[in-house]
Each structure stands twice: as structure tokens, then as C-alpha cells.
file final-v5.tsv (TSV, C-alpha atoms)
chain	number	residue	atom	x	y	z
A	1	MET	CA	0.00	0.00	0.00
A	2	ALA	CA	1.19	3.50	-0.76
A	3	ALA	CA	2.12	5.83	2.09
A	4	GLY	CA	-0.69	8.05	3.33
A	5	THR	CA	-4.05	7.77	5.03
A	6	TRP	CA	-6.65	5.26	3.91
A	7	ALA	CA	-10.19	5.75	5.27
A	8	ILE	CA	-12.43	2.75	5.90
A	9	ASP	CA	-15.37	2.95	3.51
A	10	PRO	CA	-18.45	1.87	5.53
A	11	VAL	CA	-20.52	1.45	2.35
A	12	HIS	CA	-18.18	-1.29	1.09
A	13	SER	CA	-17.15	-2.76	4.45
A	14	SER	CA	-18.76	-4.75	7.24
A	15	VAL	CA	-18.28	-5.54	10.91
A	16	ALA	CA	-20.02	-8.84	11.63
A	17	PHE	CA	-20.16	-11.29	14.53
A	18	SER	CA	-21.49	-14.67	15.52
A	19	VAL	CA	-22.11	-16.14	18.96
A	20	ARG	CA	-23.39	-19.54	20.10
A	21	HIS	CA	-27.10	-19.61	21.05
A	22	LEU	CA	-28.73	-22.34	23.16
A	23	MET	CA	-25.52	-24.38	22.69
A	24	VAL	CA	-26.70	-25.68	19.29
A	25	SER	CA	-26.86	-22.77	16.85
A	26	LYS	CA	-25.38	-19.33	16.26
A	27	VAL	CA	-26.83	-15.86	16.20
A	28	ARG	CA	-25.21	-13.66	13.59
A	29	GLY	CA	-25.33	-9.93	13.26
A	30	THR	CA	-23.57	-6.76	12.25
A	31	PHE	CA	-22.65	-3.39	13.63
A	32	ASP	CA	-23.96	-0.91	11.10
A	33	THR	CA	-22.11	2.24	12.23
A	34	PHE	CA	-18.30	2.25	12.28
A	35	SER	CA	-15.33	4.24	11.04
A	36	GLY	CA	-11.59	3.98	10.92
A	37	ALA	CA	-8.35	4.71	9.15
A	38	ILE	CA	-5.13	3.03	8.12
A	39	THR	CA	-2.07	5.25	8.12
A	40	VAL	CA	0.91	3.96	6.16
A	41	ALA	CA	4.28	5.63	6.85
A	42	GLU	CA	6.93	6.17	4.17
A	43	ASP	CA	8.83	3.13	5.51
A	44	GLY	CA	5.72	0.96	4.97
A	45	THR	CA	4.74	0.54	8.61
A	46	ALA	CA	1.03	0.81	9.19
A	47	GLU	CA	-1.19	1.99	12.03
A	48	VAL	CA	-4.88	1.19	12.26
A	49	SER	CA	-7.57	2.89	14.33
A	50	ALA	CA	-11.27	2.12	14.32
A	51	GLU	CA	-14.47	2.85	16.24
A	52	VAL	CA	-17.73	0.92	16.31
A	53	ALA	CA	-21.02	2.29	17.65
A	54	VAL	CA	-22.21	-0.63	19.78
A	55	ALA	CA	-25.81	0.65	19.71
A	56	SER	CA	-25.78	0.00	15.94
A	57	ILE	CA	-26.00	-3.76	16.58
A	58	ASN	CA	-28.31	-5.47	14.10
A	59	THR	CA	-29.25	-9.13	14.50
A	60	GLY	CA	-32.50	-8.82	12.59
A	61	ASN	CA	-34.54	-8.87	15.81
A	62	GLU	CA	-35.21	-5.52	17.52
A	63	GLN	CA	-36.18	-7.09	20.86
A	64	ARG	CA	-32.90	-9.03	21.04
A	65	ASP	CA	-30.90	-5.99	19.86
A	66	ALA	CA	-32.48	-3.83	22.60
A	67	HIS	CA	-31.56	-6.46	25.20
A	68	VAL	CA	-27.94	-6.58	23.97
A	69	ARG	CA	-27.75	-2.75	24.13
A	70	SER	CA	-29.00	-2.86	27.76
A	71	ALA	CA	-27.05	-3.05	31.03
A	72	ASP	CA	-27.17	-6.87	30.80
A	73	PHE	CA	-24.65	-6.75	27.94
A	74	PHE	CA	-23.13	-3.66	26.26
A	75	GLU	CA	-24.53	-0.85	28.44
A	76	ALA	CA	-24.54	1.16	25.21
A	77	GLU	CA	-25.60	4.42	26.87
A	78	ARG	CA	-22.61	4.28	29.23
A	79	TYR	CA	-20.13	2.73	26.77
A	80	PRO	CA	-21.28	3.87	23.31
A	81	THR	CA	-18.19	2.86	21.32
A	82	ALA	CA	-15.79	-0.01	20.96
A	83	THR	CA	-12.34	1.03	19.75
A	84	PHE	CA	-9.27	-0.60	18.26
A	85	ARG	CA	-5.77	0.90	18.09
A	86	SER	CA	-3.05	-1.16	16.45
A	87	THR	CA	0.29	-1.78	18.13
A	88	GLY	CA	1.92	-3.71	15.29
A	89	VAL	CA	1.60	-5.93	12.25
A	90	ARG	CA	3.54	-9.16	11.81
A	91	ALA	CA	3.79	-11.88	9.19
A	92	ASN	CA	1.77	-15.07	9.68
A	93	GLY	CA	2.61	-17.33	6.72
A	94	ASP	CA	1.13	-15.67	3.62
A	95	ASP	CA	-1.08	-13.48	5.81
A	96	TYR	CA	-0.60	-11.24	8.84
A	97	LEU	CA	-1.47	-10.76	12.48
A	98	LEU	CA	-2.69	-7.29	13.39
A	99	ASP	CA	-1.97	-6.68	17.06
A	100	GLY	CA	-3.68	-3.94	19.00
A	101	ASP	CA	-5.62	-2.74	21.99
A	102	PHE	CA	-9.37	-3.32	21.84
A	103	THR	CA	-11.70	-1.49	24.20
A	104	LEU	CA	-15.24	-2.71	24.78
A	105	HIS	CA	-17.55	-2.03	27.71
A	106	GLY	CA	-14.86	0.13	29.35
A	107	VAL	CA	-12.28	-2.67	29.34
A	108	THR	CA	-9.12	-2.59	27.19
A	109	ARG	CA	-7.28	-5.79	26.29
A	110	PRO	CA	-4.63	-6.69	23.73
A	111	ILE	CA	-5.93	-8.77	20.80
A	112	SER	CA	-4.49	-10.19	17.58
A	113	LEU	CA	-6.63	-10.28	14.45
A	114	GLU	CA	-5.87	-12.74	11.69
A	115	LEU	CA	-5.50	-10.47	8.66
A	116	GLU	CA	-5.58	-11.17	4.93
A	117	PHE	CA	-4.52	-8.39	2.58
A	118	ASN	CA	-6.57	-8.65	-0.63
A	119	GLY	CA	-4.56	-6.08	-2.57
A	120	VAL	CA	-4.99	-2.62	-4.03
A	121	ASN	CA	-7.16	-1.55	-6.96
A	122	PRO	CA	-7.04	1.77	-8.85
A	123	GLY	CA	-10.71	2.26	-7.93
A	124	MET	CA	-13.55	3.66	-9.99
A	125	GLY	CA	-12.55	7.29	-10.41
A	126	HIS	CA	-12.41	8.15	-6.70
A	127	GLY	CA	-8.87	6.95	-5.98
A	128	GLU	CA	-7.12	3.77	-4.96
A	129	VAL	CA	-8.84	1.23	-2.73
A	130	ALA	CA	-7.32	-1.53	-0.61
A	131	GLY	CA	-9.13	-4.59	0.68
A	132	PHE	CA	-8.72	-6.68	3.81
A	133	GLU	CA	-10.40	-9.50	5.65
A	134	ALA	CA	-9.79	-10.00	9.37
A	135	SER	CA	-11.18	-12.09	12.20
A	136	VAL	CA	-10.72	-12.68	15.89
A	137	VAL	CA	-12.44	-14.79	18.54
A	138	LEU	CA	-13.06	-12.89	21.78
A	139	ASN	CA	-14.37	-14.04	25.13
A	140	ARG	CA	-17.12	-11.59	26.09
A	141	LYS	CA	-16.38	-12.15	29.79
A	142	ASP	CA	-12.86	-10.74	29.29
A	143	PHE	CA	-14.60	-7.42	28.62
A	144	GLY	CA	-16.91	-7.45	31.64
A	145	ILE	CA	-19.92	-8.77	29.73
A	146	ASP	CA	-20.42	-11.63	32.10
A	147	ILE	CA	-24.16	-12.21	32.24
A	148	ASP	CA	-24.91	-15.88	32.75
A	149	LEU	CA	-28.15	-17.24	31.39
A	150	PRO	CA	-27.89	-20.95	32.26
A	151	LEU	CA	-30.03	-23.61	30.65
A	152	GLU	CA	-31.76	-26.27	32.77
A	153	THR	CA	-30.09	-28.93	30.65
A	154	GLY	CA	-26.61	-27.44	31.07
A	155	GLY	CA	-24.73	-24.82	29.12
A	156	ALA	CA	-25.96	-21.30	28.54
A	157	VAL	CA	-28.35	-19.32	26.37
A	158	VAL	CA	-25.45	-17.20	25.04
A	159	GLY	CA	-21.95	-18.55	24.53
A	160	ASP	CA	-18.84	-16.85	25.88
A	161	LYS	CA	-16.88	-16.88	22.61
A	162	VAL	CA	-17.77	-14.28	19.98
A	163	THR	CA	-16.26	-14.41	16.50
A	164	ILE	CA	-15.75	-10.98	14.92
A	165	THR	CA	-15.31	-10.86	11.13
A	166	LEU	CA	-14.27	-7.73	9.27
A	167	GLU	CA	-14.53	-7.11	5.54
A	168	ILE	CA	-12.76	-3.82	4.94
A	169	GLU	CA	-12.37	-1.62	1.88
A	170	ALA	CA	-10.27	1.48	2.48
A	171	LEU	CA	-10.02	4.52	0.19
A	172	LYS	CA	-6.73	6.43	-0.16
A	173	GLN	CA	-7.21	9.98	1.14
A	174	ASP	CA	-3.97	11.71	0.16
call {"tool": "encode", "arguments": {"input": "final-v5.tsv", "output": "C-alpha cells"}}
result
Amino acid sequence: MAAGTWAIDPVHSSVAFSVRHLMVSKVRGTFDTFSGAITVAEDGTAEVSAEVAVASINTGNEQRDAHVRSADFFEAERYPTATFRSTGVRANGDDYLLDGDFTLHGVTRPISLELEFNGVNPGMGHGEVAGFEASVVLNRKDFGIDIDLPLETGGAVVGDKVTITLEIEALKQD
């Protein structure tokens, strides 16, 4: 990628998740409001910053989304954004690991996203675009979202592990 700032294009990007439900299936959803930037230095090192509006959760069910926004889970009024700030990028075979500090629900922890760089394209008259895919599995309890909803038969209504999947298209700004 060329040196400069690359803005995440929310129209051509997505922040999605999946979490185990009733121990036998998964609930999937997206966060519909997010922003971020990739800054590439002249020496090729990159820094990434991103914000996600947790109240923009969309699982296709407004009642469930309202519950997840509540104090039982995200406490979206008190903690309206989740943030990521990179601390480094390192090779991982043909792909990369993007290390950084992730803050959710007022708790900051280091995470490593598995990152695939899909390349750069000249774009469609609005400048160069770069594409990425990334994923990470987080334990919601590590971020203070520790509600337990046990099932009579064992297990829980909502699993602890949440898989976050990012599809990112970034537009060169300068």
C-alpha cells in the first residue's frame, strides 16, 4: 500500500459477529455504524484505528438488539463505542497478524486479528482502494460482559466466545 491515510469505507465494508445460542446454533449480526483509518508511513509501517457504535448492533430482531444494548450486555448508553488501536503488524505465513488494543464495555485488552490483505485496486474514479479480511475470537467475559443465562439442561443461552469478522475496503485519502 502507498504511504498516506486510507479511510475505511463503511458502504463497502462490514463488521459482523457470531455467537453460540442455546448451545446448538449461532446468532449472527452486524454493527452498522463504524469508522476507521489506516495510516501507512513512508517506511511501509502501518497503524490502524477504528471505532464501532455498539448501539448499531443489528441481528434482525429488535427485541434481542435492545436487550444486547442494555445493562445486561453492552450498556450502550454508558459505553457507546468499541475502539481498536493497532500496536503492530507481523507476518503469519502468507497473511498477517494485526496486534492492537481493543476497548469494549470500558475494558481494554490486547488482541491479535488474523488479517488477509486482498490487494490494491485503482478504484472507480475516486482513488485507490485496498481490501482486507480479518477475524478474531473474543471471550465476552474478558470485557466485563459476564451475564450468565444458564439452561436447565446445562450450558448457557449465550456462549462466551464471539467471532468478529471484518470485511474492509479502504479509500486512499492523500
call {"tool": "atom_distance", "arguments": {"input": "final-v5.tsv", "atom1": "atom CA of Ala7 of chain A", "atom2": "atom CA of Lys172 of chain A"}}
result
6.5 Å
call {"tool": "residues_around", "arguments": {"input": "final-v5.tsv", "residues": "Ser70 of chain A", "least_positions_apart": "4", "cutoff": "12 Å", "atoms": "only C-alpha atoms", "output": "PDB file with C-alpha atoms, in the coordinates of the input"}}
result
ATOM      1  CA  VAL A  54     -22.210  -0.630  19.780  1.00  0.00           C
ATOM      2  CA  ALA A  55     -25.810   0.650  19.710  1.00  0.00           C
ATOM      3  CA  ILE A  57     -26.000  -3.760  16.580  1.00  0.00           C
ATOM      4  CA  GLN A  63     -36.180  -7.090  20.860  1.00  0.00           C
ATOM      5  CA  ARG A  64     -32.900  -9.030  21.040  1.00  0.00           C
ATOM      6  CA  ASP A  65     -30.900  -5.990  19.860  1.00  0.00           C
ATOM      7  CA  ALA A  66     -32.480  -3.830  22.600  1.00  0.00           C
ATOM      8  CA  PHE A  74     -23.130  -3.660  26.260  1.00  0.00           C
ATOM      9  CA  GLU A  75     -24.530  -0.850  28.440  1.00  0.00           C
ATOM     10  CA  ALA A  76     -24.540   1.160  25.210  1.00  0.00           C
ATOM     11  CA  GLU A  77     -25.600   4.420  26.870  1.00  0.00           C
ATOM     12  CA  ARG A  78     -22.610   4.280  29.230  1.00  0.00           C
ATOM     13  CA  TYR A  79     -20.130   2.730  26.770  1.00  0.00           C
ATOM     14  CA  PRO A  80     -21.280   3.870  23.310  1.00  0.00           C
ATOM     15  CA  HIS A 105     -17.550  -2.030  27.710  1.00  0.00           C
ATOM     16  CA  ILE A 145     -19.920  -8.770  29.730  1.00  0.00           C
ATOM     17  CA  ILE A 147     -24.160 -12.210  32.240  1.00  0.00           C
TER      18      ILE A 147
END
call {"tool": "residues_near_point", "arguments": {"input": "final-v5.tsv", "point": "(2.3, 7.4, -1.3)", "cutoff": "9 Å", "atoms": "only C-alpha atoms", "output": "PyMOL selection string"}}
result
chain A and resi 1-5+40-42+174
call {"tool": "closest_residue", "arguments": {"input": "final-v5.tsv", "among": "A:Gly29, A:Val136, A:Asp94, A:Gly125", "to": "Pro110 of chain A", "atoms": "all atoms listed in the file"}}
result
A:Val136
call {"tool": "closest_residue", "arguments": {"input": "final-v5.tsv", "among": "A:Tyr96, A:Phe143, A:Phe84, A:Phe132", "to": "His12 of chain A", "atoms": "only C-alpha atoms"}}
result
A:Phe132
call {"tool": "closest_residue", "arguments": {"input": "final-v5.tsv", "among": "A:Ser135, A:Thr103, A:Ser13, A:Ser112", "to": "Phe31 of chain A", "atoms": "all atoms listed in the file"}}
result
A:Ser13
call {"tool": "atom_distance", "arguments": {"input": "final-v5.tsv", "atom1": "atom CA of Thr45 of chain A", "atom2": "atom CA of Leu98 of chain A"}}
result
11.8 Å
call {"tool": "atom_distance", "arguments": {"input": "final-v5.tsv", "atom1": "atom CA of Val137 of chain A", "atom2": "atom CA of Leu113 of chain A"}}
result
8.4 Å
call {"tool": "closest_residue", "arguments": {"input": "final-v5.tsv", "among": "A:Asp160, A:Glu133, A:Asp142, A:Glu169", "to": "Ala37 of chain A", "atoms": "all atoms listed in the file"}}
result
A:Glu169
call {"tool": "closest_residue", "arguments": {"input": "final-v5.tsv", "among": "A:Leu138, A:Val68, A:Ala53, A:Ala170", "to": "Phe117 of chain A", "atoms": "all atoms listed in the file"}}
result
A:Ala170
call {"tool": "axis_aligned_box", "arguments": {"input": "final-v5.tsv", "around": "segment 51-66 of chain A", "padding_each_side": "3 Å", "output": "lines of an AutoDock Vina configuration file"}}
result
center_x = -25.3
center_y = -3.1
center_z = 17.6
size_x = 27.7
size_y = 18.0
size_z = 16.0
call {"tool": "residues_around", "arguments": {"input": "final-v5.tsv", "residues": "Ser49 of chain A", "least_positions_apart": "3", "cutoff": "8 Å", "atoms": "all atoms listed in the file", "output": "ChimeraX atom specification"}}
result
/A:36-38,83-86
call {"tool": "closest_residue", "arguments": {"input": "final-v5.tsv", "among": "A:Asn139, A:Gln173, A:Thr165, A:Thr108", "to": "Phe17 of chain A", "atoms": "only C-alpha atoms"}}
result
A:Thr165
call {"tool": "residues_around", "arguments": {"input": "final-v5.tsv", "residues": "Ala16 of chain A", "least_positions_apart": "5", "cutoff": "9 Å", "atoms": "only C-alpha atoms", "output": "list in words"}}
result
Arg28, Gly29, Thr30, Phe31, Asp32, Thr163, Ile164, Thr165, Leu166 and Glu167 of chain A
call {"tool": "write_last_selection", "arguments": {"input": "final-v5.tsv", "atoms": "C-alpha atoms", "output": "mmCIF file, keeping the file's coordinate frame"}}
result
data_model
loop_
_atom_site.group_PDB
_atom_site.id
_atom_site.type_symbol
_atom_site.label_atom_id
_atom_site.label_comp_id
_atom_site.auth_asym_id
_atom_site.auth_seq_id
_atom_site.Cartn_x
_atom_site.Cartn_y
_atom_site.Cartn_z
ATOM 1 C CA ARG A 28 -25.210 -13.660 13.590
ATOM 2 C CA GLY A 29 -25.330 -9.930 13.260
ATOM 3 C CA THR A 30 -23.570 -6.760 12.250
ATOM 4 C CA PHE A 31 -22.650 -3.390 13.630
ATOM 5 C CA ASP A 32 -23.960 -0.910 11.100
ATOM 6 C CA THR A 163 -16.260 -14.410 16.500
ATOM 7 C CA ILE A 164 -15.750 -10.980 14.920
ATOM 8 C CA THR A 165 -15.310 -10.860 11.130
ATOM 9 C CA LEU A 166 -14.270 -7.730 9.270
ATOM 10 C CA GLU A 167 -14.530 -7.110 5.540
#
call {"tool": "decode", "arguments": {"input": "final-v5.tsv", "residues": "segment 71-87 of chain A", "atoms": "N, CA and C atoms", "output": "tab-separated table (two decimals), in the first residue's frame"}}
result
chain	number	residue	atom	x	y	z
A	71	ALA	N	-28.06	-2.83	29.99
A	71	ALA	CA	-27.05	-3.05	31.03
A	71	ALA	C	-26.68	-4.52	31.19
A	72	ASP	N	-27.51	-5.44	30.72
A	72	ASP	CA	-27.17	-6.87	30.80
A	72	ASP	C	-25.95	-7.20	29.94
A	73	PHE	N	-25.75	-6.45	28.86
A	73	PHE	CA	-24.65	-6.75	27.94
A	73	PHE	C	-23.77	-5.53	27.71
A	74	PHE	N	-24.03	-4.74	26.67
A	74	PHE	CA	-23.13	-3.66	26.26
A	74	PHE	C	-23.21	-2.39	27.10
A	75	GLU	N	-24.33	-2.14	27.77
A	75	GLU	CA	-24.53	-0.85	28.44
A	75	GLU	C	-24.21	0.28	27.46
A	76	ALA	N	-24.87	0.26	26.32
A	76	ALA	CA	-24.54	1.16	25.21
A	76	ALA	C	-24.64	2.64	25.57
A	77	GLU	N	-25.52	3.01	26.48
A	77	GLU	CA	-25.60	4.42	26.87
A	77	GLU	C	-24.35	4.85	27.63
A	78	ARG	N	-23.81	3.98	28.44
A	78	ARG	CA	-22.61	4.28	29.23
A	78	ARG	C	-21.33	4.09	28.44
A	79	TYR	N	-21.30	3.07	27.58
A	79	TYR	CA	-20.13	2.73	26.77
A	79	TYR	C	-20.55	2.68	25.29
A	80	PRO	N	-20.71	3.83	24.66
A	80	PRO	CA	-21.28	3.87	23.31
A	80	PRO	C	-20.38	3.35	22.19
A	81	THR	N	-19.07	3.29	22.41
A	81	THR	CA	-18.19	2.86	21.32
A	81	THR	C	-17.24	1.76	21.77
A	82	ALA	N	-16.90	0.93	20.83
A	82	ALA	CA	-15.79	-0.01	20.96
A	82	ALA	C	-14.69	0.55	20.07
A	83	THR	N	-13.45	0.47	20.53
A	83	THR	CA	-12.34	1.03	19.75
A	83	THR	C	-11.22	0.02	19.59
A	84	PHE	N	-10.47	0.20	18.51
A	84	PHE	CA	-9.27	-0.60	18.26
A	84	PHE	C	-8.15	0.33	17.86
A	85	ARG	N	-6.98	0.15	18.44
A	85	ARG	CA	-5.77	0.90	18.09
A	85	ARG	C	-4.65	-0.12	17.91
A	86	SER	N	-4.08	-0.18	16.71
A	86	SER	CA	-3.05	-1.16	16.45
A	86	SER	C	-1.76	-0.85	17.21
A	87	THR	N	-1.03	-1.91	17.51
A	87	THR	CA	0.29	-1.78	18.13
A	87	THR	C	1.37	-2.40	17.25
